[in-house]
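A.B. asks: Okay, here's the structure, questions in a sec.
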Amino acid sequence: MLTDLSIRNLAVVEQAELQFERGLTTLTGETGAGKSIIIQALLLVLGERASSDTVRSGETRGEITALFDLNDSAPALHWLQTQELDDGTECQLRRTISADGRSKSYINGRPTPAGRVRELGSLLMDIHGQHEYQQLLKSDAQRALLDSFGRLKPLVDKLSTHYQTWRELDQQYRDLAAQQLDQQAAIDLLTFQLQELQTLALQSDEWDELQQQQQRAKHGHTLLESCQQLIKLLDDDDTNIRSLMAAARQHISQLQEIDTECTAIAQMIEEADIQINEASRAIRHYADGLDNDPQQLAWVEERISDAIVLARKHHCEPQQLPEQEQLLIQQLDDIEHSDDRLADLFQQVQNLRQQYDKLATKLTAKRQRAANDLSNQVTEKLRQLGMNEARLVIQLNPRDETAPHPQGMEKISYLFSANPGMQPGLLGRIASGGELSRISLALQVCAQGQSAVPTLVFDEVDVGVGGAVAEIVGHLLSELGAQRQVFCIT
């Protein structure tokens with residue numbers, strides 16, 4: 001519900017700070033007292049279009065801030081959480097408007113496009129009054145109100161989920177069917193690319209080995225000289241390490257005979273000698289394996305060059321070429337078996353369409369029953385409101401397109417007739433501002449048990465009525481106020 005409204009430099013208002021409670025709040029005043037500015041402020045903070053004459057004359061900027069308590073608005077809280085704009089159980093909407101007509105909107109202090117603010121606003125508040133303020137005249141709002149009255153939202157959500165799945169698979173089917181038109185060209189290109197990769201036949205982990213071979217071949221002389229020096233140090237010199245280790249073993253043996261505490265040292269020297277012997281054999285084996293053949297180096301460098309060229313063609317790293325080869329094999333296989341895939345997708349699309357049609361037919365039947373019930377209840381309420389000959393007709397018309405729609409296969413129109421001899425016409429074209437207000441009131445009273453919008457605003461709902469009818473209007477507003485926050489501007 002709306003708890004606070006702050007208005008600065010809007011129209012004739014320099015500054016106003018308003019706090020509100022639950023239930024019914026009536027804002028009264030003579031013509032020109034500024035009641036409509038409250039409506040204007042609410043519309044602006046909820047994302048409606050601003051104009052250059054919105055800002056108070058002589059000021060450079062106007063600002064409206066509205067604070068909402070979300071404890072009674074689970075859909076709005078869920079929307080904020082989904083958009084990552086939530087801030088606990090409160091929500092602040094702010095709108096700044098420059099004298100040149102430019103404006104900015106904020107949700108909980110974060111800049112937000114006006115379209116998204118309007119999405120949130122429709123979950124926080126319904127404003128009923130003059131034609132340009134009417135949510136009721138919007139087709140989405142009319143459908144939502146009917147579905148809310150008929151408790152059809154779970155069925156609509158299920159239908160929408162089926163629609164999304166059907167749409168995704170149908171698009172996959174269309175894309176694959178389009179690809180088949182250029183199938184031979186794709187096969188030729190993939191075959192050529194695959195032959196290049198298979199001719200190179202680079203194996204997994206081979207790239208790293210090639211680079212190591214290149215390094216060894218380039219620095220072969222340096223490596224061999226270093227190996228020879230190591231061999232001399234370990235074995236060949238008169239004072240090589242192995243002879244020194246033999247002397248060390250002899251000395252430690254003598255110490256060990258005298259003092260057994262030297263046993264551990266003797267063991268370490270023995271282990272070191274073993275390691276040195278193994279290192280000597282390993283370095284000789286490594287030196288024997290060094291190949292300084294220029295032809296081998298040329299072969300390695302040519303293979304590296306070929307791998308780099310192919311990697312550039314495929315926009316990948318050389319070590320990824322084996323994976324790229326497998327990818328091309330899979331793509332060729334997919335194309336060669338695309339007929340099977342296409343047939344499978346077609347069957348899935350058909351099955352989903354049948355499921356959608358079944359749900360849509362069920363939804364249409366339930367909507368028709370709800371439309372009849374709501375039309376009758378609203379018409380009866382209109383009689384209580386002094387519109388004795390008025391009639392509301394909720395009409396379901398098949399959509400022009402044959403393809404599925406996320407909200408069902410029919411468009412919903414609210415038709416109105418004020419007199420017996422008048423053919424019902426579109427609500428926005430037939431009803432006056434005062435009639436619209438009372439129709440809105442009647443609809444809200446009839447649907448109050450199911451509507452999720454926590455705050456309602458009625459502008460001039462009692463225009464043109466008095467006496468007993470005005471008392472009924474008051475009772476209906478009070479009845480609504482017992483369930484939700486209601487503002488009546490009169």
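Chains: A, B, ... in order of the structure tokens. Residues: from 1 per chain. Ligands: from 1, in order shown.
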For Ser57 of chain A, please output as number ranges by chain all residues within 10 Å (counting only C-alpha atoms; exclusion window: fewer than 4 positions along the same chain).

C.D. replies: A: 9-14, 53, 61, 99

A.B. asks: Report as JSON lines the residues of segment 328-378 of chain A within 12 Å of segment 318-323 of chain A, each with its shortest atom pair and distance in Å (one decimal), using only C-alpha atoms, ordered by chain and increasing residue number.

C.D. replies:
```
{"residue": "A:Leu328", "atom": "CA", "partner": "A:Glu323", "partner_atom": "CA", "distance": 8.8}
{"residue": "A:Ile329", "atom": "CA", "partner": "A:Glu323", "partner_atom": "CA", "distance": 9.9}
{"residue": "A:Gln330", "atom": "CA", "partner": "A:Glu323", "partner_atom": "CA", "distance": 10.6}
```

A.B. asks: Quick one: everything within 9 Å of Ser122 of chain A, counting only C-alpha atoms, minus sequence neighbours fewer than 5 positions away in the same chain. Send it as a PyMOL selection string.

C.D. replies: chain A and resi 46+76+117+135+141+453

A.B. asks: Residues near segment 406-412 of chain A, anyone? I mean within 8 Å using only C-alpha atoms, not counting same-chain ones fewer than 5 positions away, as a PyMOL selection string.

C.D. replies: chain A and resi 139+142-143+156+159-161+163-164+360+363-364+394-399

A.B. asks: Using only C-alpha atoms, tabulate the residues of segment 383-435 of chain A lying at most 8 Å from any atom of segment 464-485 of chain A, each with its closest atom pair and that distance in Å to one decimal, by chain and increasing residue number, as a Markdown table.

C.D. replies:
```
| residue | atom | partner | partner_atom | distance |
| --- | --- | --- | --- | --- |
| A:Gln384 | CA | A:Val469 | CA | 7.0 |
| A:Leu385 | CA | A:Val469 | CA | 5.3 |
| A:Gly386 | CA | A:Val469 | CA | 5.8 |
| A:Gly434 | CA | A:Gly464 | CA | 7.1 |
```

A.B. asks: Generate a file of the selected residues that holds N, CA and C atoms, formatted as a JSON list (two decimals), in the first residue's frame.

C.D. replies:
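Full text of part-v8.json as output:
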```
[["chain", "number", "residue", "atom", "x", "y", "z"],
["A", 384, "GLN", "N", -27.66, -0.66, -8.99],
["A", 384, "GLN", "CA", -27.62, -0.11, -7.63],
["A", 384, "GLN", "C", -26.99, 1.28, -7.62],
["A", 385, "LEU", "N", -26.13, 1.53, -8.61],
["A", 385, "LEU", "CA", -25.44, 2.83, -8.67],
["A", 385, "LEU", "C", -26.22, 3.84, -9.52],
["A", 386, "GLY", "N", -27.49, 3.58, -9.78],
["A", 386, "GLY", "CA", -28.32, 4.54, -10.48],
["A", 386, "GLY", "C", -28.27, 4.44, -11.98],
["A", 434, "GLY", "N", -17.72, 9.85, -15.89],
["A", 434, "GLY", "CA", -18.43, 9.46, -14.68],
["A", 434, "GLY", "C", -18.90, 8.02, -14.74]]
```

A.B. asks: Run DSSP on the backbone and give me the residues of segment 35-66 of chain A it puts in alpha helix (DSSP H), as a VMD selection string.

C.D. replies: chain A and resid 35 to 45

A.B. asks: Select, from A:Ser103, A:Gln331, A:Val309, A:Lys232, the residue with the minimum atom-to-atom distance to Thr191 of chain A, counting only C-alpha atoms.

C.D. replies: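 Using only C-alpha atoms, Thr191 of chain A sits closest to A:Gln331.
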
A.B. asks: What's the 12 Å shell around Ala266 of chain A, counting only C-alpha atoms, without same-chain residues fewer than 6 positions away, as a count of residues only?

C.D. replies: 16

A.B. asks: Just the residues within 8 Å of segment 365-367 of chain A, please, counting only C-alpha atoms, with nothing from its chain fewer than 5 positions along; format it as a PyMOL selection string.

C.D. replies: chain A and resi 146-147+150+152

A.B. asks: Tell me, which residues of segment 340-422 of chain A carry DSSP strand (DSSP E or B), written as a CSV table (one decimal) with C-alpha atoms, in the first residue's frame?

C.D. replies:
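What follows is the written file selection03.csv:
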```csv
chain,number,residue,atom,x,y,z
A,391,ARG,CA,-25.3,-3.1,-19.3
A,392,LEU,CA,-21.8,-4.5,-19.4
A,393,VAL,CA,-20.9,-7.2,-21.9
A,394,ILE,CA,-17.6,-9.0,-21.8
A,395,GLN,CA,-17.0,-10.4,-25.2
A,396,LEU,CA,-14.5,-13.1,-26.3
A,397,ASN,CA,-13.4,-12.8,-29.9
A,398,PRO,CA,-11.0,-15.3,-31.7
A,410,GLU,CA,-9.1,-15.0,-27.9
A,411,LYS,CA,-9.1,-11.3,-27.4
A,412,ILE,CA,-11.2,-9.9,-24.6
A,413,SER,CA,-13.3,-6.8,-25.0
A,414,TYR,CA,-15.5,-4.9,-22.5
A,415,LEU,CA,-18.6,-3.5,-24.2
A,416,PHE,CA,-21.0,-1.1,-22.7
A,417,SER,CA,-24.5,0.1,-23.3
```

A.B. asks: Please provide the set of residues having any atom within 10 Å of Ile38 of chain A, restricted to only C-alpha atoms, with same-chain residues fewer than 6 positions apart removed, written as a ChimeraX atom specification.

C.D. replies: /A:5-7,10,13,16,27,44,489

A.B. asks: Would you mind exporting the chosen residues as a short mmCIF file (atom, residue, chain, number, x, y, z; two decimals), in the first residue's frame, restricted to N, CA and C atoms?

C.D. replies:
```cif
data_model
loop_
_atom_site.label_atom_id
_atom_site.label_comp_id
_atom_site.auth_asym_id
_atom_site.auth_seq_id
_atom_site.Cartn_x
_atom_site.Cartn_y
_atom_site.Cartn_z
N LEU A 5 3.68 10.12 0.20
CA LEU A 5 3.76 10.76 -1.11
C LEU A 5 4.34 12.16 -0.92
N SER A 6 5.45 12.43 -1.61
CA SER A 6 6.10 13.74 -1.54
C SER A 6 6.06 14.38 -2.92
N ILE A 7 5.59 15.65 -2.97
CA ILE A 7 5.47 16.38 -4.24
C ILE A 7 6.22 17.69 -4.11
N LEU A 10 5.42 20.75 -8.59
CA LEU A 10 4.57 20.13 -9.60
C LEU A 10 3.33 20.99 -9.79
N VAL A 13 1.74 23.22 -7.04
CA VAL A 13 2.21 22.78 -5.72
C VAL A 13 3.70 23.03 -5.59
N ALA A 16 4.54 19.39 -0.95
CA ALA A 16 3.49 18.72 -0.17
C ALA A 16 4.03 17.38 0.31
N LEU A 27 -10.32 12.32 -0.38
CA LEU A 27 -9.69 13.63 -0.60
C LEU A 27 -10.73 14.53 -1.27
N LEU A 44 2.65 10.10 -12.70
CA LEU A 44 4.04 10.37 -13.08
C LEU A 44 5.01 9.44 -12.35
N ILE A 489 -11.24 10.53 -4.67
CA ILE A 489 -11.02 11.96 -4.88
C ILE A 489 -12.31 12.55 -5.42
#
```

A.B. asks: Using only C-alpha atoms for the distances, tell me which of A:Gly34, A:Arg174, A:Thr455, A:Trp166 is nearest to Thr490 of chain A.

C.D. replies: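 Of all the options, A:Gly34 lies closest to Thr490 of chain A.
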
A.B. asks: Counting only C-alpha atoms, which of A:Cys488, A:Leu426, A:Ile276, A:Ile37 gets nearest to Leu244 of chain A?

C.D. replies: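 Under the stated criterion, the closest residue is A:Ile276.
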
A.B. asks: So what do you get for atom CA of Ala279 of chain A versus atom CA of Glu225 of chain A, distance-wise?

C.D. replies: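 Computed distance, atom CA of Ala279 of chain A to atom CA of Glu225 of chain A, equals 16.6 Å.
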